[in-house]
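A.B. asks: work_30.cif is the file, holding mmCIF, C-alpha atoms and all ligand atoms:
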```cif
data_model
#
loop_
_atom_site.group_PDB
_atom_site.id
_atom_site.type_symbol
_atom_site.label_atom_id
_atom_site.label_comp_id
_atom_site.auth_asym_id
_atom_site.auth_seq_id
_atom_site.Cartn_x
_atom_site.Cartn_y
_atom_site.Cartn_z
ATOM 1 C CA MET A 741 -15.277 -17.494 -136.508
ATOM 2 C CA ASN A 742 -15.081 -15.443 -139.703
ATOM 3 C CA ILE A 743 -12.640 -12.635 -139.016
ATOM 4 C CA GLY A 744 -12.296 -10.001 -141.726
ATOM 5 C CA VAL A 745 -9.241 -7.864 -142.290
ATOM 6 C CA LEU A 746 -10.005 -4.513 -143.921
ATOM 7 C CA ALA A 747 -7.929 -4.760 -147.108
ATOM 8 C CA LEU A 748 -7.845 -1.198 -148.432
ATOM 9 C CA GLN A 749 -4.227 -0.507 -147.447
ATOM 10 C CA GLY A 750 -1.681 -1.833 -144.959
ATOM 11 C CA ALA A 751 -0.550 -5.071 -143.306
ATOM 12 C CA VAL A 752 -3.339 -7.417 -144.449
ATOM 13 C CA ALA A 753 -1.679 -10.776 -145.230
ATOM 14 C CA GLU A 754 0.096 -10.903 -141.869
ATOM 15 C CA HIS A 755 -3.185 -10.447 -139.990
ATOM 16 C CA ILE A 756 -4.865 -13.157 -142.069
ATOM 17 C CA ARG A 757 -2.065 -15.561 -141.160
ATOM 18 C CA SER A 758 -2.267 -14.676 -137.464
ATOM 19 C CA VAL A 759 -6.065 -15.093 -137.418
ATOM 20 C CA GLU A 760 -5.706 -18.532 -139.004
ATOM 21 C CA GLN A 761 -3.016 -19.500 -136.486
ATOM 22 C CA ALA A 762 -5.362 -18.360 -133.720
ATOM 23 C CA GLY A 763 -8.075 -20.729 -134.980
ATOM 24 C CA GLY A 764 -10.255 -18.250 -136.896
ATOM 25 C CA LYS A 765 -10.966 -17.950 -140.610
ATOM 26 C CA GLY A 766 -9.211 -14.861 -142.034
ATOM 27 C CA ILE A 767 -11.011 -13.014 -144.831
ATOM 28 C CA PRO A 768 -9.632 -9.993 -146.725
ATOM 29 C CA VAL A 769 -12.420 -7.409 -146.941
ATOM 30 C CA LYS A 770 -12.615 -5.009 -149.880
ATOM 31 C CA ARG A 771 -16.361 -4.433 -150.196
ATOM 32 C CA THR A 772 -18.953 -3.451 -147.590
ATOM 33 C CA GLU A 773 -21.241 -6.339 -148.636
ATOM 34 C CA GLN A 774 -18.709 -8.741 -147.140
ATOM 35 C CA LEU A 775 -19.354 -7.400 -143.619
ATOM 36 C CA ALA A 776 -22.582 -9.396 -143.310
ATOM 37 C CA GLU A 777 -20.691 -12.711 -143.214
ATOM 38 C CA LEU A 778 -18.211 -11.604 -140.519
ATOM 39 C CA ASP A 779 -18.099 -12.217 -136.769
ATOM 40 C CA GLY A 780 -15.423 -9.548 -136.294
ATOM 41 C CA ILE A 781 -13.072 -7.342 -138.289
ATOM 42 C CA ILE A 782 -9.487 -6.115 -137.932
ATOM 43 C CA ILE A 783 -8.410 -2.689 -139.168
ATOM 44 C CA PRO A 784 -4.699 -3.119 -139.877
ATOM 45 C CA GLY A 785 -1.683 -0.841 -139.559
ATOM 46 C CA GLY A 786 -0.584 1.244 -142.493
ATOM 47 C CA GLU A 787 -1.234 4.943 -142.903
ATOM 48 C CA SER A 788 -4.348 6.175 -141.151
ATOM 49 C CA THR A 789 -4.976 9.178 -143.445
ATOM 50 C CA THR A 790 -4.880 6.881 -146.491
ATOM 51 C CA ILE A 791 -7.028 4.193 -144.850
ATOM 52 C CA GLY A 792 -9.510 6.908 -143.799
ATOM 53 C CA LYS A 793 -9.730 8.312 -147.325
ATOM 54 C CA LEU A 794 -10.257 4.870 -148.855
ATOM 55 C CA MET A 795 -12.856 4.028 -146.210
ATOM 56 C CA ARG A 796 -14.815 7.122 -147.194
ATOM 57 C CA LYS A 797 -14.391 6.358 -150.897
ATOM 58 C CA TYR A 798 -15.682 2.783 -150.556
ATOM 59 C CA ASP A 799 -18.490 3.612 -148.073
ATOM 60 C CA PHE A 800 -16.935 1.806 -145.126
ATOM 61 C CA VAL A 801 -17.489 4.585 -142.590
ATOM 62 C CA ASP A 802 -21.237 4.113 -142.091
ATOM 63 C CA ALA A 803 -20.997 0.379 -142.799
ATOM 64 C CA LEU A 804 -18.436 -0.127 -140.012
ATOM 65 C CA ARG A 805 -20.371 2.118 -137.607
ATOM 66 C CA ASP A 806 -23.356 -0.131 -138.293
ATOM 67 C CA PHE A 807 -21.251 -3.242 -137.774
ATOM 68 C CA SER A 808 -20.159 -1.853 -134.402
ATOM 69 C CA ALA A 809 -23.713 -0.855 -133.459
ATOM 70 C CA GLN A 810 -24.660 -4.536 -133.838
ATOM 71 C CA GLY A 811 -22.081 -5.318 -131.135
ATOM 72 C CA LYS A 812 -19.726 -7.015 -133.581
ATOM 73 C CA PRO A 813 -16.075 -6.792 -132.510
ATOM 74 C CA ILE A 814 -13.553 -4.507 -134.214
ATOM 75 C CA PHE A 815 -9.797 -4.654 -133.550
ATOM 76 C CA GLY A 816 -7.668 -1.707 -134.664
ATOM 77 C CA THR A 817 -3.891 -2.095 -134.743
ATOM 78 C CA CYS A 818 -1.583 0.922 -135.078
ATOM 79 C CA ALA A 819 -3.139 3.000 -137.910
ATOM 80 C CA GLY A 820 -6.312 0.964 -137.238
ATOM 81 C CA LEU A 821 -6.297 2.224 -133.640
ATOM 82 C CA ILE A 822 -6.132 5.798 -134.960
ATOM 83 C CA VAL A 823 -9.093 5.030 -137.255
ATOM 84 C CA LEU A 824 -11.160 3.770 -134.273
ATOM 85 C CA ALA A 825 -10.537 6.758 -131.988
ATOM 86 C CA ASP A 826 -13.125 9.371 -131.062
ATOM 87 C CA ARG A 827 -10.477 12.067 -130.679
ATOM 88 C CA LEU A 828 -7.133 12.725 -132.371
ATOM 89 C CA ASP A 829 -4.544 15.017 -130.839
ATOM 90 C CA GLY A 830 -4.164 18.184 -132.910
ATOM 91 C CA ALA A 831 -6.619 19.509 -135.460
ATOM 92 C CA GLU A 832 -7.261 16.214 -137.242
ATOM 93 C CA GLU A 833 -10.807 14.945 -137.715
ATOM 94 C CA PRO A 834 -11.568 11.458 -136.367
ATOM 95 C CA HIS A 835 -12.358 8.671 -138.865
ATOM 96 C CA LEU A 836 -14.796 6.144 -137.357
ATOM 97 C CA GLY A 837 -14.987 7.864 -133.964
ATOM 98 C CA LEU A 838 -16.064 4.701 -132.146
ATOM 99 C CA MET A 839 -13.714 4.338 -129.205
ATOM 100 C CA ASN A 840 -13.779 6.745 -126.298
ATOM 101 C CA MET A 841 -10.115 7.770 -126.310
ATOM 102 C CA THR A 842 -7.705 10.470 -127.451
ATOM 103 C CA VAL A 843 -4.859 9.307 -129.668
ATOM 104 C CA ALA A 844 -1.581 10.970 -130.650
ATOM 105 C CA ARG A 845 -0.097 9.850 -133.962
ATOM 106 C CA ASN A 846 3.597 9.091 -134.428
ATOM 107 C CA ALA A 847 3.999 9.588 -130.716
ATOM 108 C CA PHE A 848 7.451 8.060 -130.254
ATOM 109 C CA GLY A 849 9.311 10.629 -132.392
ATOM 110 C CA ARG A 850 12.011 9.989 -134.939
ATOM 111 C CA GLN A 851 14.605 8.563 -132.560
ATOM 112 C CA ARG A 852 12.422 5.561 -131.810
ATOM 113 C CA GLU A 853 10.487 5.135 -135.036
ATOM 114 C CA SER A 854 10.398 1.385 -134.626
ATOM 115 C CA PHE A 855 11.339 -1.025 -131.873
ATOM 116 C CA GLU A 856 10.339 -4.302 -130.246
ATOM 117 C CA THR A 857 9.637 -5.020 -126.626
ATOM 118 C CA ASP A 858 7.879 -7.479 -124.307
ATOM 119 C CA LEU A 859 4.622 -6.180 -122.869
ATOM 120 C CA ASP A 860 2.376 -7.278 -120.042
ATOM 121 C CA VAL A 861 -1.160 -7.411 -121.425
ATOM 122 C CA LYS A 862 -4.211 -7.919 -119.207
ATOM 123 C CA GLY A 863 -5.931 -11.192 -120.130
ATOM 124 C CA ILE A 864 -2.757 -12.709 -121.608
ATOM 125 C CA GLU A 865 -0.648 -14.795 -119.272
ATOM 126 C CA SER A 866 3.001 -14.058 -119.974
ATOM 127 C CA PRO A 867 4.522 -11.020 -121.744
ATOM 128 C CA LEU A 868 3.620 -10.506 -125.377
ATOM 129 C CA ARG A 869 6.244 -9.633 -127.985
ATOM 130 C CA ALA A 870 5.222 -6.294 -129.490
ATOM 131 C CA VAL A 871 6.520 -4.502 -132.584
ATOM 132 C CA PHE A 872 6.050 -0.728 -132.705
ATOM 133 C CA ILE A 873 6.358 1.068 -136.066
ATOM 134 C CA ARG A 874 5.774 4.839 -136.107
ATOM 135 C CA ALA A 875 3.235 3.995 -133.493
ATOM 136 C CA PRO A 876 0.452 6.089 -131.994
ATOM 137 C CA LEU A 877 -0.202 6.348 -128.254
ATOM 138 C CA ILE A 878 -3.479 6.507 -126.368
ATOM 139 C CA LYS A 879 -3.221 9.737 -124.394
ATOM 140 C CA GLU A 880 -6.486 9.492 -122.481
ATOM 141 C CA VAL A 881 -9.394 7.041 -122.218
ATOM 142 C CA GLY A 882 -13.012 7.422 -121.083
ATOM 143 C CA SER A 883 -14.290 5.580 -117.997
ATOM 144 C CA ASP A 884 -15.895 2.892 -120.211
ATOM 145 C CA VAL A 885 -12.483 1.935 -121.639
ATOM 146 C CA GLU A 886 -10.279 -0.656 -119.965
ATOM 147 C CA VAL A 887 -6.510 -0.196 -120.257
ATOM 148 C CA LEU A 888 -4.940 -3.544 -121.202
ATOM 149 C CA SER A 889 -1.310 -2.566 -121.508
ATOM 150 C CA THR A 890 1.110 0.288 -120.896
ATOM 151 C CA TYR A 891 4.658 0.967 -122.022
ATOM 152 C CA LYS A 892 6.644 3.450 -119.919
ATOM 153 C CA ASP A 893 3.407 4.682 -118.334
ATOM 154 C CA GLU A 894 1.746 5.337 -121.692
ATOM 155 C CA ILE A 895 -1.315 3.374 -122.850
ATOM 156 C CA VAL A 896 -0.603 1.020 -125.780
ATOM 157 C CA ALA A 897 -3.597 -1.353 -125.684
ATOM 158 C CA ALA A 898 -7.193 -0.884 -124.582
ATOM 159 C CA ARG A 899 -10.658 -2.410 -124.805
ATOM 160 C CA GLN A 900 -14.112 -0.874 -124.759
ATOM 161 C CA GLY A 901 -16.633 -3.728 -124.767
ATOM 162 C CA HIS A 902 -16.491 -5.166 -128.283
ATOM 163 C CA LEU A 903 -13.743 -2.767 -129.440
ATOM 164 C CA LEU A 904 -10.045 -3.596 -129.089
ATOM 165 C CA ALA A 905 -7.058 -1.420 -129.977
ATOM 166 C CA SER A 906 -3.274 -1.769 -129.901
ATOM 167 C CA SER A 907 -0.538 0.764 -130.742
ATOM 168 C CA PHE A 908 1.728 -2.062 -131.816
ATOM 169 C CA HIS A 909 1.617 -4.733 -134.532
ATOM 170 C CA PRO A 910 0.655 -8.129 -133.045
ATOM 171 C CA GLU A 911 0.633 -9.626 -136.566
ATOM 172 C CA LEU A 912 4.387 -9.224 -137.099
ATOM 173 C CA THR A 913 5.461 -11.891 -134.622
ATOM 174 C CA ASP A 914 4.760 -15.603 -134.172
ATOM 175 C CA ASP A 915 2.845 -14.836 -130.990
ATOM 176 C CA TYR A 916 -0.836 -15.189 -131.895
ATOM 177 C CA ARG A 917 -2.323 -14.697 -128.459
ATOM 178 C CA LEU A 918 -3.790 -11.240 -129.041
ATOM 179 C CA HIS A 919 -5.471 -12.556 -132.191
ATOM 180 C CA ALA A 920 -6.762 -15.498 -130.144
ATOM 181 C CA TYR A 921 -8.063 -12.987 -127.592
ATOM 182 C CA PHE A 922 -9.931 -11.214 -130.426
ATOM 183 C CA VAL A 923 -11.314 -14.474 -131.837
ATOM 184 C CA ASP A 924 -12.676 -15.126 -128.313
ATOM 185 C CA MET A 925 -14.308 -11.674 -128.298
ATOM 186 C CA ALA A 926 -15.982 -12.586 -131.613
ATOM 187 C CA LYS A 927 -17.215 -15.891 -130.128
ATOM 188 C CA GLU A 928 -18.646 -14.139 -127.081
ATOM 189 C CA ALA A 929 -20.387 -11.564 -129.275
ATOM 190 C CA SER A 930 -21.908 -14.181 -131.579
ATOM 191 C CA GLU A 931 -23.138 -16.226 -128.615
ATOM 192 C CA ARG A 932 -24.691 -13.093 -127.144
ATOM 193 C CA THR A 933 -26.578 -12.244 -130.347
ATOM 194 C CA ALA A 934 -27.642 -15.889 -130.876
ATOM 195 C CA LYS A 935 -29.489 -15.873 -127.534
HETATM 196 N N1 LIG B 1 2.172 6.374 -138.429
HETATM 197 C C1 LIG B 1 1.020 5.781 -139.030
HETATM 198 C C2 LIG B 1 -0.177 6.729 -138.987
HETATM 199 O O1 LIG B 1 -0.118 7.729 -138.350
HETATM 200 C C3 LIG B 1 0.672 4.476 -138.320
HETATM 201 C C4 LIG B 1 1.826 3.530 -138.455
HETATM 202 C C5 LIG B 1 1.465 2.088 -138.514
HETATM 203 O O2 LIG B 1 0.308 1.690 -138.704
HETATM 204 N N2 LIG B 1 2.479 1.264 -138.425
HETATM 205 O O3 LIG B 1 -1.152 6.470 -139.610
#
```
Taking this structure as input, can you express it in the form of structure tokens?
C.D. replies:
Amino acid sequence: MNIGVLALQGAVAEHIRSVEQAGGKGIPVKRTEQLAELDGIIIPGGESTTIGKLMRKYDFVDALRDFSAQGKPIFGTCAGLIVLADRLDGAEEPHLGLMNMTVARNAFGRQRESFETDLDVKGIESPLRAVFIRAPLIKEVGSDVEVLSTYKDEIVAARQGHLLASSFHPELTDDYRLHAYFVDMAKEASERTAK
């Protein structure tokens, strides 16, 4: 599976490594023309306002909406989750507006800017090591969104069909199972469209 990592800003190299460890081919994506060769794409962590601006500048907004409309999987981690959301807490405009959820940025406050913990994630057998860095939280999801993981009763991972989102950074540990889960989503999607 060819898995792109949107390489405008943020944690790109780490995602590429994790994709490769999970058995996919990791491809840094800087131009919209590259989307045609992909079976799925990851929007990494970083700074969502910056990623959003660069996405608009390099015409990724419509191109990624198109990609999603074809049923091709998108995985947003941390800032990437913010970029995927339909609704942002506060007055901020959404970026891609693809996933039916409301997201609050920097939701852990200054005291807990970054931390690690073990999380139960639906679809993954034993707890997953998760790194949170100035992480967002999913405050509310639509009925078409499945909650995959919570931390202290707050939603930190969710899936809506071919869209996957995590508040934390799965690429910063040696645990590649969430990337493997996404590679499987890409396989399922490509088998579906091949039929
Ligand atoms: N705090 C960042 C934002 O709001 C996200 C942080 C991250 O991706 N690690 O965009």
A.B. asks: Which residues are near ligand LIG 1 (chain B) - at most 7 Å, using only C-alpha atoms and all ligand atoms? Format: as a list in words.
C.D. replies: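 Selection of residues at most 7 Å from ligand LIG 1 (chain B): Gly785, Gly786, Glu787, Ser788, Thr789, Thr817, Cys818, Ala819, Gly820, Ile822, Arg845, Asn846, Ile873, Arg874, Ala875 and Pro876 of chain A.
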A.B. asks: Please compute the CA of Ala776 in chain A-CA of Leu903 in chain A distance, one decimal, in Å.
C.D. replies: 17.7 Å
A.B. asks: What is the distance between CA of Leu836 in chain A and CA of Ala929 in chain A, in Å to one decimal?
C.D. replies: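 Distance between the two atoms: 20.3 Å.
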A.B. asks: Could you name the residues that touch Glu894 in chain A at 8 Å or less, counting all atoms listed in the file, but leaving out those on the same chain fewer than 4 positions away, as a list in words?
C.D. replies: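 The neighbour list is Leu877, Ile878, Lys879 and Thr890 of chain A.
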A.B. asks: Apply the PyMOL selection byres (((chain A and resi 859) around 7) and not hetatm) to the displayed file and report the matching residues as a VMD selection string.
C.D. replies: chain A and resid 857 to 858 860 to 861 867 to 870
A.B. asks: Would you compute the distance between CA of Ala762 in chain A and CA of Leu748 in chain A? Give it in Å to one decimal.
C.D. replies: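 Interatomic distance here is 22.7 Å.
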A.B. asks: Need to verify the contact set: His755 in chain A, 8 Å, all atoms listed in the file, exclusion of same-chain residues closer than 5 positions in sequence. Can you return it as JSON, numbers by chain?
C.D. replies: {"A": [745, 766, 782, 784, 911]}
A.B. asks: Please write out, as JSON, where the centre of an axis-aligned box around all listed atoms of range 892-899 of chain A lies and how long its edges are, in Å to one decimal, after adding 5 Å on each side.
C.D. replies:
```
{"center_x": -2.0, "center_y": 1.5, "center_z": -122.1, "size_x": 27.3, "size_y": 17.7, "size_z": 17.4}
```
A.B. asks: Out of A:Asp893, A:Asp806, A:Glu856, A:Asp799, which residue has the shortest atom-to-atom distance to Leu912 in chain A when counting only C-alpha atoms?
C.D. replies: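 Of the candidates, the smallest distance to Leu912 in chain A is held by A:Glu856.
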A.B. asks: Taking 5 positions as the minimum chain separation for residues in the same chain, which residues sit within 9 Å of Gly792 in chain A when counting only C-alpha atoms? Answer as a ChimeraX atom specification.
C.D. replies: /A:787,797,801,823,834-836
A.B. asks: Out of A:Thr772, A:Gly816, A:Tyr798, A:Leu778, which residue has the shortest atom-to-atom distance to Gly750 in chain A when counting all atoms listed in the file?
C.D. replies: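 Closest residue, counting all atoms listed in the file: A:Gly816.
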A.B. asks: Point out the residue among A:Leu775, A:Val759, A:Val923, A:Ala905 with the least atom-to-atom distance to Leu838 in chain A, counting only C-alpha atoms.
C.D. replies: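 Distance minimum relative to Leu838 in chain A lands on A:Ala905.
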A.B. asks: Kindly indicate which residue among A:Ile743, A:Met925, A:Leu804, A:Met841 lies nearest to Ser758 in chain A, using only C-alpha atoms for the distances.
C.D. replies: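 Comparing A:Ile743, A:Met925, A:Leu804, A:Met841 against Ser758 in chain A, the winner is A:Ile743.
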A.B. asks: Write out as a PyMOL selection string each polymer residue whose atoms come within 12 Å of Asp924 in chain A, counting all atoms listed in the file; drop sequence neighbours fewer than 3 positions from it.
C.D. replies: chain A and resi 741-743+759+762-764+779-780+812-813+863+902+904+917-921+927-931
A.B. asks: Using only C-alpha atoms, find the one residue out of A:Val871, A:Ile814, A:Ile783, A:Met839 that sits nearest to His909 in chain A.
C.D. replies: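 Comparing A:Val871, A:Ile814, A:Ile783, A:Met839 against His909 in chain A, the winner is A:Val871.
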A.B. asks: Starting from the displayed file, determine the output of the PyMOL selection byres (((chain A and resi 768) around 8) and not hetatm) and express the residue list as JSON, numbers by chain.
C.D. replies: {"A": [744, 745, 746, 747, 752, 756, 766, 767, 769, 770]}
A.B. asks: Between A:Phe908, A:Asp802, A:Val881, A:Glu833, which one has atoms that come closest to Glu853 in chain A, using all atoms listed in the file?
C.D. replies: A:Phe908
